[in-house]
$ cat structure_38.pdb   # PDB, C-alpha atoms
MODEL        1
ATOM      1  CA  MET A 279     125.565  62.061  33.929
ATOM      2  CA  SER A 280     128.218  64.061  35.758
ATOM      3  CA  ARG A 281     127.479  67.454  37.314
ATOM      4  CA  GLY A 282     129.610  69.304  34.752
ATOM      5  CA  GLY A 283     127.923  67.476  31.886
ATOM      6  CA  ARG A 284     124.499  68.457  33.151
ATOM      7  CA  TYR A 285     125.534  72.119  33.341
ATOM      8  CA  TRP A 286     126.715  71.930  29.723
ATOM      9  CA  VAL A 287     123.358  70.504  28.600
ATOM     10  CA  LEU A 288     121.607  73.264  30.579
ATOM     11  CA  ALA A 289     123.847  75.950  29.000
ATOM     12  CA  VAL A 290     123.094  74.680  25.468
ATOM     13  CA  GLY A 291     119.357  74.660  26.255
ATOM     14  CA  ILE A 292     119.390  78.176  27.723
ATOM     15  CA  ALA A 293     121.414  79.510  24.765
ATOM     16  CA  ALA A 294     119.039  77.931  22.209
ATOM     17  CA  VAL A 295     115.827  79.127  23.931
ATOM     18  CA  GLY A 296     117.330  82.580  24.618
ATOM     19  CA  GLY A 297     118.422  82.944  20.988
ATOM     20  CA  ALA A 298     114.999  81.880  19.696
ATOM     21  CA  LEU A 299     113.243  84.313  22.077
ATOM     22  CA  ALA A 300     115.534  87.212  21.084
ATOM     23  CA  TRP A 301     114.909  86.453  17.414
ATOM     24  CA  ALA A 302     111.136  86.363  17.985
ATOM     25  CA  PHE A 303     111.075  89.595  20.042
ATOM     26  CA  LEU A 304     113.184  91.509  17.505
ATOM     27  CA  SER A 305     110.710  90.798  14.682
ATOM     28  CA  MET A 306     107.610  91.711  16.735
ATOM     29  CA  PRO A 307     105.709  94.944  16.077
ATOM     30  CA  GLY A 308     106.736  97.733  18.504
ATOM     31  CA  PHE A 309     105.250  97.987  22.027
ATOM     32  CA  GLY A 310     102.033 100.022  22.187
ATOM     33  CA  GLY A 311     101.696 100.313  18.399
ATOM     34  CA  GLY A 312      98.438 100.560  16.488
ATOM     35  CA  PHE A 313      98.809  97.417  14.360
ATOM     36  CA  HIS A 314      96.482  94.730  15.833
ATOM     37  CA  PRO A 315      95.024  92.470  13.116
ATOM     38  CA  TYR A 316      93.819  89.848  15.635
ATOM     39  CA  ARG A 317      92.115  92.468  17.827
ATOM     40  CA  ASP A 318      90.261  93.913  14.837
ATOM     41  CA  ALA A 319      89.028  90.467  13.774
ATOM     42  CA  ALA A 320      88.128  89.285  17.318
ATOM     43  CA  VAL A 321      86.280  92.479  18.347
ATOM     44  CA  ALA A 322      84.212  92.462  15.151
ATOM     45  CA  ALA A 323      83.320  88.782  15.674
ATOM     46  CA  ALA A 324      82.394  89.413  19.349
ATOM     47  CA  LEU A 325      80.119  92.335  18.425
ATOM     48  CA  ARG A 326      78.397  90.183  15.772
ATOM     49  CA  HIS A 327      77.347  87.803  18.607
ATOM     50  CA  SER A 328      76.470  90.667  21.050
ATOM     51  CA  THR A 329      79.243  89.704  23.482
ATOM     52  CA  ALA A 330      80.431  92.749  25.455
ATOM     53  CA  ASN A 331      83.430  90.933  26.988
ATOM     54  CA  VAL A 332      85.569  90.166  23.959
ATOM     55  CA  VAL A 333      87.836  87.864  25.997
ATOM     56  CA  SER A 334      84.820  85.697  26.864
ATOM     57  CA  SER A 335      83.796  85.699  23.228
ATOM     58  CA  VAL A 336      87.246  84.412  22.247
ATOM     59  CA  ASN A 337      87.312  81.810  25.056
ATOM     60  CA  PHE A 338      83.774  80.447  24.798
ATOM     61  CA  ASP A 339      82.573  81.292  21.292
ATOM     62  CA  GLN A 340      85.356  81.826  18.760
ATOM     63  CA  ARG A 341      87.786  79.344  20.329
ATOM     64  CA  GLY A 342      85.415  77.346  22.538
ATOM     65  CA  PHE A 343      87.138  74.089  21.646
ATOM     66  CA  ASP A 344      90.403  75.260  23.264
ATOM     67  CA  THR A 345      88.556  75.946  26.519
ATOM     68  CA  LEU A 346      87.158  72.411  26.503
ATOM     69  CA  GLY A 347      90.764  71.228  26.178
ATOM     70  CA  GLU A 348      91.808  73.368  29.157
ATOM     71  CA  GLU A 349      88.942  72.016  31.234
ATOM     72  CA  THR A 350      89.976  68.479  30.389
ATOM     73  CA  ILE A 351      93.573  69.282  31.450
ATOM     74  CA  LEU A 352      92.258  70.571  34.795
ATOM     75  CA  LEU A 353      90.175  67.419  35.280
ATOM     76  CA  ALA A 354      93.150  65.210  34.409
ATOM     77  CA  SER A 355      95.476  67.035  36.819
ATOM     78  CA  VAL A 356      92.958  66.762  39.678
ATOM     79  CA  VAL A 357      92.647  63.026  38.992
ATOM     80  CA  GLY A 358      96.459  62.830  39.030
ATOM     81  CA  VAL A 359      96.635  64.582  42.421
ATOM     82  CA  ALA A 360      93.940  62.261  43.800
ATOM     83  CA  VAL A 361      95.974  59.233  42.710
ATOM     84  CA  LEU A 362      99.309  60.579  44.036
ATOM     85  CA  LEU A 363      98.040  61.876  47.391
ATOM     86  CA  ARG A 364      96.229  58.776  48.629
ATOM     87  CA  PRO A 365      97.281  57.769  52.179
ATOM     88  CA  LEU A 366     100.459  55.695  52.436
ATOM     89  CA  PRO A 367     100.211  52.246  54.022
ATOM     90  CA  GLY A 368     100.269  52.805  57.778
ATOM     91  CA  GLU A 369      99.139  56.437  57.710
ATOM     92  CA  ARG A 370      96.161  57.158  59.937
ATOM     93  CA  HIS A 371      93.726  60.040  60.083
ATOM     94  CA  ARG A 372      94.251  62.246  63.119
ATOM     95  CA  HIS A 373      91.165  64.107  64.166
ATOM     96  CA  GLY A 374      90.571  67.016  66.428
ATOM     97  CA  ARG A 375      92.242  70.380  66.708
ATOM     98  CA  GLN A 376      95.959  70.565  66.947
ATOM     99  CA  GLY A 377      98.302  73.455  67.639
ATOM    100  CA  GLY A 378      97.851  76.927  66.292
ATOM    101  CA  HIS A 379      96.003  79.847  67.815
ATOM    102  CA  VAL A 380      93.525  81.823  65.742
ATOM    103  CA  LEU A 381      92.753  85.417  66.691
ATOM    104  CA  GLY A 382      89.139  86.357  67.391
ATOM    105  CA  THR A 383      89.367  89.115  64.797
ATOM    106  CA  THR A 384      90.456  86.582  62.170
ATOM    107  CA  ARG A 385      87.378  84.482  62.935
ATOM    108  CA  MET A 386      85.112  87.500  62.713
ATOM    109  CA  LEU A 387      86.667  88.552  59.418
ATOM    110  CA  VAL A 388      86.090  85.027  58.085
ATOM    111  CA  VAL A 389      82.395  85.135  59.088
ATOM    112  CA  VAL A 390      82.010  88.413  57.174
ATOM    113  CA  ALA A 391      84.151  87.420  54.194
ATOM    114  CA  VAL A 392      82.761  83.939  53.433
ATOM    115  CA  PRO A 393      79.274  84.976  52.172
ATOM    116  CA  LEU A 394      80.711  88.039  50.391
ATOM    117  CA  THR A 395      83.317  85.958  48.577
ATOM    118  CA  LEU A 396      80.762  83.323  47.603
ATOM    119  CA  VAL A 397      78.384  85.943  46.149
ATOM    120  CA  LEU A 398      81.304  87.637  44.368
ATOM    121  CA  GLY A 399      82.303  84.307  42.784
ATOM    122  CA  ILE A 400      78.768  83.617  41.537
ATOM    123  CA  ASP A 401      78.523  87.221  40.279
ATOM    124  CA  VAL A 402      81.782  86.922  38.335
ATOM    125  CA  VAL A 403      80.546  83.681  36.700
ATOM    126  CA  ALA A 404      77.108  85.130  35.875
ATOM    127  CA  HIS A 405      78.523  88.289  34.278
ATOM    128  CA  GLY A 406      81.216  86.446  32.354
ATOM    129  CA  ALA A 407      79.818  87.533  28.985
ATOM    130  CA  VAL A 408      79.477  91.186  30.019
ATOM    131  CA  THR A 409      82.306  92.238  32.370
ATOM    132  CA  PRO A 410      85.856  90.942  32.948
ATOM    133  CA  GLY A 411      85.938  87.499  34.492
ATOM    134  CA  GLY A 412      83.986  84.381  33.727
ATOM    135  CA  GLY A 413      83.603  80.755  34.674
ATOM    136  CA  PHE A 414      87.238  80.124  35.546
ATOM    137  CA  GLN A 415      87.848  83.207  37.703
ATOM    138  CA  GLY A 416      84.443  83.039  39.400
ATOM    139  CA  GLY A 417      84.796  79.312  40.047
ATOM    140  CA  VAL A 418      88.139  79.788  41.800
ATOM    141  CA  VAL A 419      86.758  82.702  43.874
ATOM    142  CA  ALA A 420      83.733  80.631  44.962
ATOM    143  CA  ALA A 421      85.985  77.708  45.931
ATOM    144  CA  THR A 422      88.239  80.103  47.884
ATOM    145  CA  ALA A 423      85.204  81.250  49.906
ATOM    146  CA  LEU A 424      84.775  77.746  51.286
ATOM    147  CA  HIS A 425      88.437  77.547  52.281
ATOM    148  CA  LEU A 426      88.199  80.790  54.268
ATOM    149  CA  ILE A 427      86.303  78.699  56.854
ATOM    150  CA  TYR A 428      89.436  76.604  57.182
ATOM    151  CA  VAL A 429      91.497  79.774  57.766
ATOM    152  CA  GLY A 430      89.101  80.579  60.613
ATOM    153  CA  ASP A 431      90.178  77.302  62.294
ATOM    154  CA  ARG A 432      86.804  75.670  61.790
ATOM    155  CA  TYR A 433      88.016  72.470  60.188
ATOM    156  CA  ARG A 434      85.038  70.425  61.377
ATOM    157  CA  VAL A 435      82.483  72.947  60.109
ATOM    158  CA  PHE A 436      84.519  73.158  56.914
ATOM    159  CA  ALA A 437      84.639  69.383  56.496
ATOM    160  CA  ARG A 438      80.884  69.133  57.033
ATOM    161  CA  LEU A 439      80.161  71.906  54.498
ATOM    162  CA  ARG A 440      82.319  70.127  51.972
ATOM    163  CA  PRO A 441      80.776  66.804  50.990
ATOM    164  CA  ILE A 442      83.614  65.834  48.703
ATOM    165  CA  GLY A 443      81.566  63.359  46.636
ATOM    166  CA  LEU A 444      79.202  66.160  45.652
ATOM    167  CA  PHE A 445      82.082  68.370  44.471
ATOM    168  CA  GLU A 446      83.571  65.501  42.473
ATOM    169  CA  GLN A 447      80.226  65.118  40.739
ATOM    170  CA  ALA A 448      79.968  68.888  40.191
ATOM    171  CA  GLU A 449      83.375  68.867  38.516
ATOM    172  CA  ALA A 450      82.388  66.022  36.189
ATOM    173  CA  ALA A 451      78.954  67.559  35.521
ATOM    174  CA  GLY A 452      80.588  70.849  34.487
ATOM    175  CA  VAL A 453      82.810  69.144  31.910
ATOM    176  CA  VAL A 454      79.877  67.066  30.604
ATOM    177  CA  ALA A 455      77.641  70.162  30.385
ATOM    178  CA  TYR A 456      80.308  71.966  28.355
ATOM    179  CA  ALA A 457      80.569  69.044  25.944
ATOM    180  CA  ALA A 458      76.760  68.830  25.787
ATOM    181  CA  VAL A 459      76.522  72.473  24.634
ATOM    182  CA  GLY A 460      79.150  71.592  22.026
ATOM    183  CA  VAL A 461      77.115  68.613  20.788
ATOM    184  CA  ALA A 462      73.946  70.745  20.741
ATOM    185  CA  GLY A 463      75.787  73.205  18.507
ATOM    186  CA  LEU A 464      76.745  70.325  16.227
ATOM    187  CA  ALA A 465      73.154  69.053  16.096
ATOM    188  CA  PHE A 466      71.336  72.369  15.570
ATOM    189  CA  GLY A 467      73.988  74.725  14.191
ATOM    190  CA  GLY A 468      76.030  72.442  11.973
ATOM    191  CA  SER A 469      79.369  72.883  13.789
ATOM    192  CA  TRP A 470      80.847  71.908  17.183
ATOM    193  CA  LEU A 471      80.054  74.562  19.854
ATOM    194  CA  ALA A 472      78.153  76.684  17.305
ATOM    195  CA  ASN A 473      76.470  79.662  19.056
ATOM    196  CA  ILE A 474      72.920  78.418  18.391
ATOM    197  CA  LEU A 475      70.982  80.474  20.975
ATOM    198  CA  PRO A 476      69.570  83.973  20.263
ATOM    199  CA  HIS A 477      72.329  86.535  20.841
ATOM    200  CA  GLY A 478      70.168  89.113  22.649
ATOM    201  CA  THR A 479      71.148  92.734  23.323
ATOM    202  CA  LEU A 480      74.777  93.726  23.815
ATOM    203  CA  ALA A 481      75.828  94.128  27.479
ATOM    204  CA  ARG A 482      72.665  92.609  28.991
ATOM    205  CA  LEU A 483      73.023  89.868  31.614
ATOM    206  CA  VAL A 484      71.405  87.321  29.288
ATOM    207  CA  SER A 485      73.134  87.938  25.974
ATOM    208  CA  ALA A 486      75.804  86.387  23.781
ATOM    209  CA  GLY A 487      73.894  83.119  23.183
ATOM    210  CA  THR A 488      75.688  80.078  24.571
ATOM    211  CA  VAL A 489      78.485  82.058  26.276
ATOM    212  CA  PRO A 490      76.716  82.380  29.707
ATOM    213  CA  LEU A 491      75.807  78.658  29.609
ATOM    214  CA  LEU A 492      79.405  77.667  28.910
ATOM    215  CA  ASN A 493      80.570  80.067  31.647
ATOM    216  CA  ALA A 494      78.264  78.376  34.150
ATOM    217  CA  ALA A 495      79.544  74.940  33.087
ATOM    218  CA  VAL A 496      83.166  76.047  33.495
ATOM    219  CA  GLY A 497      82.349  77.715  36.834
ATOM    220  CA  LEU A 498      80.865  74.462  38.138
ATOM    221  CA  ALA A 499      83.799  72.392  36.896
ATOM    222  CA  VAL A 500      86.470  74.781  38.224
ATOM    223  CA  ALA A 501      84.856  75.288  41.653
ATOM    224  CA  GLY A 502      84.541  71.496  41.987
ATOM    225  CA  SER A 503      88.132  70.956  40.792
ATOM    226  CA  VAL A 504      89.693  73.465  43.206
ATOM    227  CA  VAL A 505      87.735  72.119  46.200
ATOM    228  CA  VAL A 506      88.660  68.501  45.366
ATOM    229  CA  LEU A 507      92.299  69.458  44.660
ATOM    230  CA  LEU A 508      92.728  71.373  47.946
ATOM    231  CA  SER A 509      90.866  68.691  49.900
ATOM    232  CA  HIS A 510      93.557  66.180  48.982
ATOM    233  CA  PHE A 511      96.299  68.546  50.131
ATOM    234  CA  LEU A 512      94.408  69.419  53.332
ATOM    235  CA  ASP A 513      93.789  65.731  54.107
ATOM    236  CA  GLN A 514      97.540  65.142  53.935
ATOM    237  CA  ARG A 515      97.932  67.625  56.772
ATOM    238  CA  PHE A 516      95.649  65.501  58.941
ATOM    239  CA  LEU A 517      97.469  62.218  58.296
ATOM    240  CA  SER A 518      99.859  60.993  60.927
ATOM    241  CA  PRO A 519     103.113  59.737  59.393
ATOM    242  CA  PRO A 520     103.413  55.948  59.119
ATOM    243  CA  PRO A 521     105.618  54.155  61.666
ATOM    244  CA  GLY A 522     108.361  53.348  59.133
ATOM    245  CA  THR A 523     109.006  56.430  56.983
ATOM    246  CA  ARG A 524     112.560  55.582  55.988
ATOM    247  CA  HIS A 525     111.722  55.121  52.335
ATOM    248  CA  ALA A 526     108.466  56.984  52.151
ATOM    249  CA  PRO A 527     107.304  57.257  48.545
ATOM    250  CA  GLY A 528     107.064  60.816  47.255
ATOM    251  CA  ASP A 529     109.740  62.027  49.655
ATOM    252  CA  GLY A 530     112.732  62.237  47.377
ATOM    253  CA  THR A 531     115.094  63.886  49.873
ATOM    254  CA  GLN A 532     118.207  62.087  50.961
ATOM    255  CA  PRO A 533     118.395  61.373  54.688
TER     256      PRO A 533
ATOM    257  CA  MET B 257     100.053 104.991  30.991
ATOM    258  CA  ASN B 258     103.625 104.098  30.077
ATOM    259  CA  ILE B 259     104.823 105.302  33.509
ATOM    260  CA  LEU B 260     102.255 102.999  35.164
ATOM    261  CA  ILE B 261     103.458 100.031  33.081
ATOM    262  CA  THR B 262     107.107 100.835  33.880
ATOM    263  CA  VAL B 263     106.397 101.046  37.633
ATOM    264  CA  ALA B 264     104.375  97.789  37.594
ATOM    265  CA  LEU B 265     107.036  95.993  35.552
ATOM    266  CA  THR B 266     109.806  97.176  37.902
ATOM    267  CA  LEU B 267     107.821  95.990  40.938
ATOM    268  CA  VAL B 268     107.286  92.591  39.269
ATOM    269  CA  LEU B 269     111.016  92.278  38.567
ATOM    270  CA  ALA B 270     111.893  93.230  42.164
ATOM    271  CA  GLY B 271     109.227  90.855  43.515
ATOM    272  CA  ALA B 272     110.522  87.976  41.406
ATOM    273  CA  ALA B 273     114.057  88.586  42.718
ATOM    274  CA  VAL B 274     112.778  88.599  46.315
ATOM    275  CA  VAL B 275     110.965  85.273  45.719
ATOM    276  CA  VAL B 276     114.082  83.669  44.248
ATOM    277  CA  PHE B 277     116.417  84.933  47.005
ATOM    278  CA  THR B 278     114.122  84.056  49.942
ATOM    279  CA  PRO B 279     115.906  81.111  51.551
ATOM    280  CA  VAL B 280     113.183  79.324  53.573
ATOM    281  CA  PRO B 281     110.540  77.619  51.359
ATOM    282  CA  SER B 282     107.637  78.339  53.744
ATOM    283  CA  ARG B 283     108.464  82.064  53.699
ATOM    284  CA  GLN B 284     108.905  81.799  49.951
ATOM    285  CA  ALA B 285     105.258  80.707  49.653
ATOM    286  CA  VAL B 286     104.110  83.921  51.377
ATOM    287  CA  VAL B 287     106.372  86.099  49.209
ATOM    288  CA  LEU B 288     105.089  84.225  46.153
ATOM    289  CA  SER B 289     101.577  85.321  47.102
ATOM    290  CA  VAL B 290     102.662  88.983  47.242
ATOM    291  CA  TYR B 291     104.446  88.538  43.905
ATOM    292  CA  GLY B 292     101.187  87.154  42.463
ATOM    293  CA  ILE B 293      99.378  90.366  43.446
ATOM    294  CA  LEU B 294     102.154  92.493  41.863
ATOM    295  CA  LEU B 295     101.786  90.476  38.668
ATOM    296  CA  ALA B 296      98.020  91.086  38.757
ATOM    297  CA  ALA B 297      98.717  94.842  39.030
ATOM    298  CA  LEU B 298     100.920  94.605  35.932
ATOM    299  CA  PHE B 299      98.135  92.837  34.021
ATOM    300  CA  MET B 300      95.726  95.601  35.075
ATOM    301  CA  ALA B 301      98.185  98.233  33.826
ATOM    302  CA  LEU B 302      98.345  96.345  30.513
ATOM    303  CA  GLN B 303      94.506  96.483  30.330
ATOM    304  CA  ALA B 304      93.982  92.743  30.784
ATOM    305  CA  PRO B 305      91.483  92.564  33.693
ATOM    306  CA  ASP B 306      90.422  88.982  32.881
ATOM    307  CA  VAL B 307      93.979  87.732  33.233
ATOM    308  CA  ALA B 308      94.482  89.864  36.369
ATOM    309  CA  LEU B 309      91.452  88.212  38.010
ATOM    310  CA  SER B 310      92.761  84.725  37.223
ATOM    311  CA  GLN B 311      96.172  85.751  38.548
ATOM    312  CA  VAL B 312      94.762  87.013  41.863
ATOM    313  CA  ALA B 313      92.627  83.906  42.362
ATOM    314  CA  VAL B 314      95.160  81.267  41.324
ATOM    315  CA  GLY B 315      98.603  82.867  41.660
ATOM    316  CA  ALA B 316      98.026  84.803  44.880
ATOM    317  CA  ALA B 317      95.713  82.404  46.753
ATOM    318  CA  VAL B 318      95.558  78.788  45.579
ATOM    319  CA  VAL B 319      99.159  78.119  44.504
ATOM    320  CA  PRO B 320     100.827  79.501  47.705
ATOM    321  CA  LEU B 321      98.315  77.488  49.789
ATOM    322  CA  ILE B 322      99.205  74.276  47.932
ATOM    323  CA  VAL B 323     102.931  75.036  48.371
ATOM    324  CA  MET B 324     102.422  75.669  52.122
ATOM    325  CA  LEU B 325     100.514  72.410  52.597
ATOM    326  CA  ALA B 326     103.138  70.445  50.655
ATOM    327  CA  ILE B 327     105.943  71.945  52.808
ATOM    328  CA  ARG B 328     104.071  71.041  56.012
ATOM    329  CA  LYS B 329     103.712  67.464  54.803
ATOM    330  CA  ILE B 330     107.418  67.151  54.017
ATOM    331  CA  ASP B 331     108.322  68.671  57.408
ATOM    332  CA  SER B 332     106.095  66.202  59.275
ATOM    333  CA  LEU B 333     107.618  63.270  57.357
ATOM    334  CA  ARG B 334     111.137  64.512  58.209
ATOM    335  CA  ALA B 335     110.241  64.990  61.867
ATOM    336  CA  ALA B 336     108.839  61.448  62.012
ATOM    337  CA  ARG B 337     112.030  60.065  60.511
ATOM    338  CA  ARG B 338     114.169  62.011  63.000
ATOM    339  CA  ARG B 339     112.127  60.623  65.903
ATOM    340  CA  GLN B 340     112.660  57.135  64.556
ATOM    341  CA  ARG B 341     116.445  57.314  64.760
TER     342      ARG B 341
ENDMDL
END

$ encode --input "structure_38.pdb" --output "structure tokens"
Amino acid sequence: MSRGGRYWVLAVGIAAVGGALAWAFLSMPGFGGGFHPYRDAAVAAALRHSTANVVSSVNFDQRGFDTLGEETILLASVVGVAVLLRPLPGERHRHGRQGGHVLGTTRMLVVVAVPLTLVLGIDVVAHGAVTPGGGFQGGVVAATALHLIYVGDRYRVFARLRPIGLFEQAEAAGVVAYAAVGVAGLAFGGSWLANILPHGTLARLVSAGTVPLLNAAVGLAVAGSVVVLLSHFLDQRFLSPPPGTRHAPGDGTQP
Amino acid sequence: MNILITVALTLVLAGAAVVVFTPVPSRQAVVLSVYGILLAALFMALQAPDVALSQVAVGAAVVPLIVMLAIRKIDSLRAARRRQR
């Protein structure tokens, strides 16, 4: 298609989406108004199951099936990255330090920040049913803690602390654990992901029935996913380019 | 509260413009990280702390890192091709 033709197709698309958005926004209730039918229904349902964090109640109790879908998307995208970022024929692993100078203060900051970040991540996962956050946020924070070691220019320490096979298994185990809680709900509660456990007292660490369990499963899966995902990108940095890179796959730029 | 939302929204708009008009992709990744934090501030102003946490973790840390690593890879491939000629 010619360049002008493509711009016309783009203009039609932008006009159609823009018109639909304007139409949708104009018939929405006003900003900051008091009319919230979904909030009223969701908060009442969360309180019935003693879940202080209503967002967690929506994600892991009322609409738990959607979260399983999201987890599966994450798993699929990590598998996709693993397939795309495998070494090209002729690429070799370069080891050892190369280039770059890391300040002593940066290293010291990393030593202080790594344990703090790890504990913060676990804390966010554990309190998912009570305070803002949950399995997804906490999992990403915990995975970030590990990558701070890389920022401190300790790639070898980092690589040793990151047995990638273990994280791949953790990712899979998290998804399986989530589905297992769903099946348990089907077996003992009559519906998929039914909140079968005792709900406990509102705002206690162990409350809200299955919500903390599902948070832990998601935390495991997300921490594993992020570590595996970044490991593939980091490995690319330590690959020397193949001898003939004229038509390297994945490099769509014109010479 | 409305003033806070207006300020946060304005900062997000300005940040987005800076990201779009930053010419060098590797610098763009750093600006994108700052923009992610501005977006998190907007979510906090809109009383959505869960979303703000996700935004800080993913939008301000993981995504810019992935972009940086991808840019490095492309640069090293280009350099290798230049050496070859």

$ resolve_selection --input "structure_38.pdb" --expression "the PyMOL selection byres ((chain B) within 12 of (chain A))" --output "number ranges by chain"
B: 257-258, 261, 300, 302-341

$ resolve_selection --input "structure_38.pdb" --expression "the PyMOL selection byres ((chain A and resi 482) around 12)" --output "PyMOL selection string"
chain A and resi 328-331+404-409+477-481+483-487+490

$ residues_around --input "structure_38.pdb" --residues "region 266-269 of chain B" --least-positions-apart "4" --cutoff "9 Å" --atoms "all atoms listed in the file" --output "PyMOL selection string"
chain B and resi 261-262+273-274+291-292+294-295+297-298

$ atom_distance --input "structure_38.pdb" --atom1 "CA of Ala293 (chain A)" --atom2 "CA of Phe299 (chain B)"
28.4 Å

$ resolve_selection --input "structure_38.pdb" --expression "the PyMOL selection byres ((chain A and resi 455-462) around 8)" --output "ChimeraX atom specification"
/A:346,451-454,463-467,470-472,488,491-492,495-496

$ residues_around --input "structure_38.pdb" --residues "Gly430 (chain A)" --least-positions-apart "4" --cutoff "9 Å" --atoms "all atoms listed in the file" --output "list of chain:residue names"
A:Val380, A:Leu381, A:Gly382, A:Thr384, A:Arg385, A:Met386, A:Leu387, A:Val388, A:Val389, A:His425, A:Leu426

$ atom_distance --input "structure_38.pdb" --atom1 "CA of Leu475 (chain A)" --atom2 "CA of His327 (chain A)"
10.0 Å

$ atom_distance --input "structure_38.pdb" --atom1 "CA of Phe338 (chain A)" --atom2 "CA of Glu449 (chain A)"
18.0 Å

$ axis_aligned_box --input "structure_38.pdb" --around "region 317-325 of chain B" --padding-each-side "4 Å" --output "AutoDock Vina command-line options"
--center_x 99.2 --center_y 77.4 --center_z 48.6 --size_x 15.4 --size_y 18.0 --size_z 16.1

$ decode --input "structure_38.pdb" --residues "region 318-330 of chain B" --atoms "C-alpha atoms" --output "PDB file, in the first residue's frame"
ATOM      1  CA  VAL B 318      10.389  -3.124  34.616  1.00  0.00           C
ATOM      2  CA  VAL B 319       9.225  -1.654  31.291  1.00  0.00           C
ATOM      3  CA  PRO B 320      12.021   0.996  30.990  1.00  0.00           C
ATOM      4  CA  LEU B 321      14.581  -1.715  31.884  1.00  0.00           C
ATOM      5  CA  ILE B 322      13.266  -3.998  29.123  1.00  0.00           C
ATOM      6  CA  VAL B 323      13.329  -1.074  26.654  1.00  0.00           C
ATOM      7  CA  MET B 324      16.934  -0.225  27.658  1.00  0.00           C
ATOM      8  CA  LEU B 325      18.094  -3.825  27.223  1.00  0.00           C
ATOM      9  CA  ALA B 326      16.367  -4.105  23.839  1.00  0.00           C
ATOM     10  CA  ILE B 327      18.042  -0.861  22.647  1.00  0.00           C
ATOM     11  CA  ARG B 328      21.466  -2.126  23.769  1.00  0.00           C
ATOM     12  CA  LYS B 329      20.930  -5.333  21.817  1.00  0.00           C
ATOM     13  CA  ILE B 330      19.980  -3.471  18.641  1.00  0.00           C
TER      14      ILE B 330
END
